[in-house]
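File shown: run.pdb (PDB, C-alpha atoms).
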```pdb
MODEL        1
ATOM      1  CA  MET A   1     -28.262  50.065-117.933
ATOM      2  CA  GLN A   2     -28.982  51.519-121.372
ATOM      3  CA  PRO A   3     -27.223  54.768-122.262
ATOM      4  CA  LEU A   4     -29.382  57.852-122.139
ATOM      5  CA  THR A   5     -28.258  61.355-122.923
ATOM      6  CA  SER A   6     -30.655  63.847-121.451
ATOM      7  CA  ASP A   7     -30.949  67.344-120.139
ATOM      8  CA  ALA A   8     -31.286  65.847-116.655
ATOM      9  CA  THR A   9     -27.932  64.083-116.957
ATOM     10  CA  THR A  10     -26.210  67.240-118.173
ATOM     11  CA  ALA A  11     -27.824  69.345-115.448
ATOM     12  CA  LEU A  12     -26.839  66.837-112.781
ATOM     13  CA  LEU A  13     -23.200  66.807-113.916
ATOM     14  CA  ARG A  14     -23.124  70.613-113.882
ATOM     15  CA  ALA A  15     -24.573  70.586-110.366
ATOM     16  CA  PHE A  16     -21.840  68.195-109.210
ATOM     17  CA  ARG A  17     -19.177  70.457-110.728
ATOM     18  CA  ALA A  18     -20.673  73.425-108.872
ATOM     19  CA  GLN A  19     -20.381  71.580-105.552
ATOM     20  CA  PHE A  20     -16.619  71.228-106.044
ATOM     21  CA  VAL A  21     -15.969  74.732-107.431
ATOM     22  CA  ASN A  22     -13.701  75.646-104.493
ATOM     23  CA  PHE A  23     -11.718  72.433-104.898
ATOM     24  CA  GLY A  24     -11.413  72.148-108.653
ATOM     25  CA  HIS A  25     -13.154  70.037-111.222
ATOM     26  CA  PRO A  26     -14.106  66.449-110.515
ATOM     27  CA  LEU A  27     -13.123  63.941-113.169
ATOM     28  CA  PHE A  28     -16.174  61.989-114.280
ATOM     29  CA  GLU A  29     -14.999  58.418-114.828
ATOM     30  CA  GLU A  30     -18.355  56.817-115.572
ATOM     31  CA  ILE A  31     -21.818  58.178-116.288
ATOM     32  CA  ARG A  32     -24.817  55.971-116.947
ATOM     33  CA  SER A  33     -28.453  56.993-117.115
ATOM     34  CA  ARG A  34     -31.630  55.183-118.035
ATOM     35  CA  SER A  35     -35.257  56.163-118.335
ATOM     36  CA  TRP A  36     -37.435  55.655-115.295
ATOM     37  CA  ALA A  37     -41.181  56.029-114.715
ATOM     38  CA  SER A  38     -43.744  55.480-111.999
ATOM     39  CA  VAL A  39     -47.503  55.823-112.190
ATOM     40  CA  THR A  40     -47.257  59.590-111.643
ATOM     41  CA  PHE A  41     -43.715  60.625-112.609
ATOM     42  CA  THR A  42     -41.210  60.220-115.426
ATOM     43  CA  GLY A  43     -37.513  60.775-115.151
ATOM     44  CA  ALA A  44     -34.184  58.991-115.115
ATOM     45  CA  ARG A  45     -31.926  56.945-112.853
ATOM     46  CA  HIS A  46     -28.264  57.924-112.899
ATOM     47  CA  GLU A  47     -25.063  56.169-111.838
ATOM     48  CA  ILE A  48     -22.060  58.469-111.650
ATOM     49  CA  ALA A  49     -18.470  57.708-110.708
ATOM     50  CA  LEU A  50     -16.215  60.681-110.158
ATOM     51  CA  ARG A  51     -12.650  61.168-109.028
ATOM     52  CA  LEU A  52     -11.107  63.989-107.031
ATOM     53  CA  GLU A  53      -7.364  64.432-107.346
ATOM     54  CA  GLY A  54      -4.747  66.622-105.753
ATOM     55  CA  GLU A  55      -4.211  68.297-102.443
ATOM     56  CA  GLY A  56      -7.450  68.548-100.509
ATOM     57  CA  ALA A  57      -9.212  65.715-102.352
ATOM     58  CA  GLU A  58      -9.912  63.786 -99.150
ATOM     59  CA  ALA A  59     -11.287  66.862 -97.366
ATOM     60  CA  ALA A  60     -13.446  67.838-100.359
ATOM     61  CA  ALA A  61     -14.876  64.310-100.587
ATOM     62  CA  GLN A  62     -15.570  64.229 -96.850
ATOM     63  CA  ASP A  63     -17.277  67.627 -96.946
ATOM     64  CA  PHE A  64     -19.411  66.573 -99.916
ATOM     65  CA  ALA A  65     -20.410  63.280 -98.254
ATOM     66  CA  GLU A  66     -21.364  64.980 -94.987
ATOM     67  CA  LYS A  67     -23.507  67.613 -96.734
ATOM     68  CA  LEU A  68     -25.041  65.395 -99.425
ATOM     69  CA  ASP A  69     -28.419  65.100 -97.667
ATOM     70  CA  VAL A  70     -28.831  68.874 -97.399
ATOM     71  CA  LEU A  71     -27.205  70.087-100.606
ATOM     72  CA  GLU A  72     -29.474  71.775-103.117
ATOM     73  CA  PHE A  73     -29.062  70.761-106.714
ATOM     74  CA  ARG A  74     -30.691  73.102-109.225
ATOM     75  CA  LEU A  75     -31.656  71.187-112.325
ATOM     76  CA  ARG A  76     -33.594  73.192-114.889
ATOM     77  CA  GLY A  77     -36.738  71.266-115.830
ATOM     78  CA  HIS A  78     -36.030  68.451-113.377
ATOM     79  CA  ILE A  79     -36.146  67.713-109.667
ATOM     80  CA  LEU A  80     -33.561  65.632-107.862
ATOM     81  CA  ALA A  81     -35.826  63.165-106.060
ATOM     82  CA  ASP A  82     -33.115  61.007-104.498
ATOM     83  CA  ILE A  83     -29.340  60.842-104.287
ATOM     84  CA  ALA A  84     -27.025  58.465-102.462
ATOM     85  CA  LEU A  85     -23.304  57.990-102.072
ATOM     86  CA  VAL A  86     -22.947  54.246-102.606
ATOM     87  CA  ALA A  87     -19.155  53.912-102.551
ATOM     88  CA  ARG A  88     -16.078  55.877-101.593
ATOM     89  CA  GLU A  89     -12.499  54.794-102.201
ATOM     90  CA  SER A  90      -9.235  56.525-101.330
ATOM     91  CA  THR A  91      -6.409  55.596-103.683
ATOM     92  CA  PRO A  92      -2.703  55.304-102.797
ATOM     93  CA  ASP A  93      -1.937  58.403-104.888
ATOM     94  CA  GLY A  94      -4.219  60.581-102.729
ATOM     95  CA  ALA A  95      -7.207  60.658-105.061
ATOM     96  CA  VAL A  96     -10.737  59.842-103.944
ATOM     97  CA  ARG A  97     -13.333  58.017-106.040
ATOM     98  CA  LEU A  98     -17.014  58.551-105.313
ATOM     99  CA  ARG A  99     -19.855  56.492-106.784
ATOM    100  CA  LEU A 100     -23.301  58.051-106.620
ATOM    101  CA  GLU A 101     -26.794  57.014-107.626
ATOM    102  CA  ALA A 102     -29.507  59.558-108.274
ATOM    103  CA  LEU A 103     -33.105  59.753-109.414
ATOM    104  CA  THR A 104     -34.359  62.788-111.306
ATOM    105  CA  VAL A 105     -37.973  63.442-112.242
ATOM    106  CA  GLU A 106     -39.327  65.851-114.806
ATOM    107  CA  ASP A 107     -40.651  69.061-113.287
ATOM    108  CA  ALA A 108     -44.182  69.465-114.596
TER     109      ALA A 108
ENDMDL
END
```

Could you render the structure as structure tokens?
Amino acid sequence: MQPLTSDATTALLRAFRAQFVNFGHPLFEEIRSRSWASVTFTGARHEIALRLEGEGAEAAAQDFAEKLDVLEFRLRGHILADIALVARESTPDGAVRLRLEALTVEDA
């Protein structure tokens, strides 16, 4: 996946941070985005790996995973067309790693 820095990527990362505001800040371990287009839309595909650490990490990850389909992500100038939790790993030190894939499209 070719690196892409875009407003959509930044907005998506801010939206993820907002979802964990009561827990603390997620640590973004990996962020990859690439341009995407269909016949009618342009946007980007994103792969994001984040880590939650500390007391309550497991509960915060579980809550996020359960609500992912109904969460609203506000992305100025973009629409979150699709998002999926593709992997979840609990580490021996109590941290939780989440790997997500998302598709954003430009809001015309």

> Just so the selection is clear, what residues does the PyMOL selection byres ((chain A and resi 51) around 12) cover here, as a PyMOL selection string?
Replying inline: chain A and resi 16-17+20+24-30+48-50+52-54+57-58+60-61+87-91+93-100

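The coordinates place atom CA of A:Val39 at 26.3 Å from atom CA of A:Leu85.
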
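Using the PyMOL selection byres ((chain A and resi 14) around 12) on the file at hand returns these residues: Asp7, Ala8, Thr9, Thr10, Ala11, Leu12, Leu13, Ala15, Phe16, Arg17, Ala18, Gln19, Phe20, Val21, His25, Pro26, Phe28, Phe73, Arg74, Leu75 and Arg76 of chain A.
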
Next, dump the selected residues to file, keeping only C-alpha atoms, as an mmCIF file, keeping the file's coordinate frame.
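Dumped everything to out.cif:
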```
data_model
loop_
_atom_site.group_PDB
_atom_site.id
_atom_site.type_symbol
_atom_site.label_atom_id
_atom_site.label_comp_id
_atom_site.auth_asym_id
_atom_site.auth_seq_id
_atom_site.Cartn_x
_atom_site.Cartn_y
_atom_site.Cartn_z
ATOM 1 C CA ASP A 7 -30.949 67.344 -120.139
ATOM 2 C CA ALA A 8 -31.286 65.847 -116.655
ATOM 3 C CA THR A 9 -27.932 64.083 -116.957
ATOM 4 C CA THR A 10 -26.210 67.240 -118.173
ATOM 5 C CA ALA A 11 -27.824 69.345 -115.448
ATOM 6 C CA LEU A 12 -26.839 66.837 -112.781
ATOM 7 C CA LEU A 13 -23.200 66.807 -113.916
ATOM 8 C CA ALA A 15 -24.573 70.586 -110.366
ATOM 9 C CA PHE A 16 -21.840 68.195 -109.210
ATOM 10 C CA ARG A 17 -19.177 70.457 -110.728
ATOM 11 C CA ALA A 18 -20.673 73.425 -108.872
ATOM 12 C CA GLN A 19 -20.381 71.580 -105.552
ATOM 13 C CA PHE A 20 -16.619 71.228 -106.044
ATOM 14 C CA VAL A 21 -15.969 74.732 -107.431
ATOM 15 C CA HIS A 25 -13.154 70.037 -111.222
ATOM 16 C CA PRO A 26 -14.106 66.449 -110.515
ATOM 17 C CA PHE A 28 -16.174 61.989 -114.280
ATOM 18 C CA PHE A 73 -29.062 70.761 -106.714
ATOM 19 C CA ARG A 74 -30.691 73.102 -109.225
ATOM 20 C CA LEU A 75 -31.656 71.187 -112.325
ATOM 21 C CA ARG A 76 -33.594 73.192 -114.889
#
```

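We find atom CA of A:Glu106 and atom CA of A:Ile31 to be spaced 19.2 Å apart.
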
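Here atom CA of A:Gly77 is placed at a distance of 15.4 Å from atom CA of A:Ser35.
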
>> I need the output of the PyMOL selection byres ((chain A and resi 101) around 6) for this file as an MDAnalysis selection string; which residues are they?
In response: chainID A and resid 46:47 83:84 100 102

>> Taking all atoms listed in the file into account, name the residue in A:Ser38, A:Ser33, A:Thr104, A:Asn22 that is nearest to A:Leu80.
In response: A:Thr104

> Within 6 Å of A:Leu103, counting all atoms listed in the file, which residues qualify if same-chain residues fewer than 3 places away don't, as a ChimeraX atom specification?
Replying inline: /A:44-45,81-82

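For the set A:Glu72, A:His78, A:Phe64, A:Val105, the residue with the smallest atom-to-atom gap to A:Trp36 is A:Val105, counting only C-alpha atoms.
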
Saving stretch 4-36 of chain A with N, CA and C atoms, as a compact mmCIF listing (two decimals), in the first residue's frame, what would that file be?
```
# COMPACT_ATOMS: atom_id res chain seq x y z
N LEU A 4 -0.08 7.63 1.87
CA LEU A 4 -0.90 8.75 1.46
C LEU A 4 -1.22 9.56 2.70
N THR A 5 -0.86 10.80 2.70
CA THR A 5 -1.24 11.68 3.80
C THR A 5 -2.40 12.53 3.29
N SER A 6 -3.51 12.46 3.96
CA SER A 6 -4.67 13.19 3.48
C SER A 6 -5.48 13.72 4.65
N ASP A 7 -6.37 14.63 4.32
CA ASP A 7 -7.29 15.14 5.32
C ASP A 7 -8.17 14.02 5.86
N ALA A 8 -8.52 13.06 5.01
CA ALA A 8 -9.36 11.94 5.44
C ALA A 8 -8.64 11.10 6.49
N THR A 9 -7.37 10.85 6.29
CA THR A 9 -6.60 10.07 7.25
C THR A 9 -6.54 10.80 8.59
N THR A 10 -6.22 12.07 8.56
CA THR A 10 -6.16 12.87 9.78
C THR A 10 -7.51 12.90 10.49
N ALA A 11 -8.57 13.12 9.73
CA ALA A 11 -9.91 13.16 10.33
C ALA A 11 -10.30 11.82 10.94
N LEU A 12 -9.93 10.75 10.28
CA LEU A 12 -10.25 9.41 10.78
C LEU A 12 -9.50 9.14 12.09
N LEU A 13 -8.24 9.51 12.16
CA LEU A 13 -7.47 9.32 13.40
C LEU A 13 -8.05 10.14 14.54
N ARG A 14 -8.46 11.36 14.25
CA ARG A 14 -9.10 12.19 15.28
C ARG A 14 -10.41 11.57 15.75
N ALA A 15 -11.16 10.99 14.83
CA ALA A 15 -12.42 10.34 15.19
C ALA A 15 -12.17 9.13 16.08
N PHE A 16 -11.12 8.36 15.80
CA PHE A 16 -10.77 7.23 16.66
C PHE A 16 -10.40 7.72 18.06
N ARG A 17 -9.60 8.78 18.13
CA ARG A 17 -9.23 9.33 19.44
C ARG A 17 -10.48 9.73 20.23
N ALA A 18 -11.43 10.35 19.55
CA ALA A 18 -12.66 10.79 20.22
C ALA A 18 -13.44 9.61 20.79
N GLN A 19 -13.39 8.47 20.14
CA GLN A 19 -14.12 7.30 20.63
C GLN A 19 -13.54 6.77 21.94
N PHE A 20 -12.27 7.04 22.19
CA PHE A 20 -11.61 6.54 23.39
C PHE A 20 -11.35 7.64 24.41
N VAL A 21 -12.04 8.78 24.29
CA VAL A 21 -11.77 9.93 25.15
C VAL A 21 -11.95 9.59 26.64
N ASN A 22 -12.89 8.73 26.98
CA ASN A 22 -13.10 8.36 28.38
C ASN A 22 -12.07 7.36 28.88
N PHE A 23 -11.38 6.72 27.98
CA PHE A 23 -10.36 5.73 28.35
C PHE A 23 -8.97 6.36 28.39
N GLY A 24 -8.69 7.19 27.46
CA GLY A 24 -7.34 7.73 27.27
C GLY A 24 -7.05 7.74 25.79
N HIS A 25 -5.83 7.97 25.45
CA HIS A 25 -5.48 8.04 24.03
C HIS A 25 -4.97 6.70 23.52
N PRO A 26 -5.51 6.27 22.38
CA PRO A 26 -4.95 5.07 21.76
C PRO A 26 -3.58 5.39 21.18
N LEU A 27 -2.72 4.41 21.16
CA LEU A 27 -1.42 4.55 20.53
C LEU A 27 -1.51 3.99 19.13
N PHE A 28 -1.31 4.83 18.13
CA PHE A 28 -1.39 4.37 16.75
C PHE A 28 -0.05 3.75 16.38
N GLU A 29 -0.05 2.45 16.16
CA GLU A 29 1.18 1.73 15.84
C GLU A 29 1.48 1.70 14.34
N GLU A 30 0.44 1.72 13.54
CA GLU A 30 0.63 1.66 12.09
C GLU A 30 -0.55 2.33 11.42
N ILE A 31 -0.24 3.15 10.42
CA ILE A 31 -1.28 3.86 9.67
C ILE A 31 -0.87 3.83 8.21
N ARG A 32 -1.71 3.23 7.39
CA ARG A 32 -1.44 3.20 5.95
C ARG A 32 -2.71 3.57 5.21
N SER A 33 -2.56 4.44 4.23
CA SER A 33 -3.69 4.85 3.40
C SER A 33 -3.25 4.86 1.95
N ARG A 34 -4.21 4.61 1.08
CA ARG A 34 -3.93 4.69 -0.36
C ARG A 34 -5.18 5.20 -1.06
N SER A 35 -4.95 5.85 -2.18
CA SER A 35 -6.06 6.38 -2.96
C SER A 35 -6.96 5.26 -3.45
N TRP A 36 -8.22 5.57 -3.57
CA TRP A 36 -9.22 4.60 -4.03
C TRP A 36 -10.23 5.36 -4.88
```
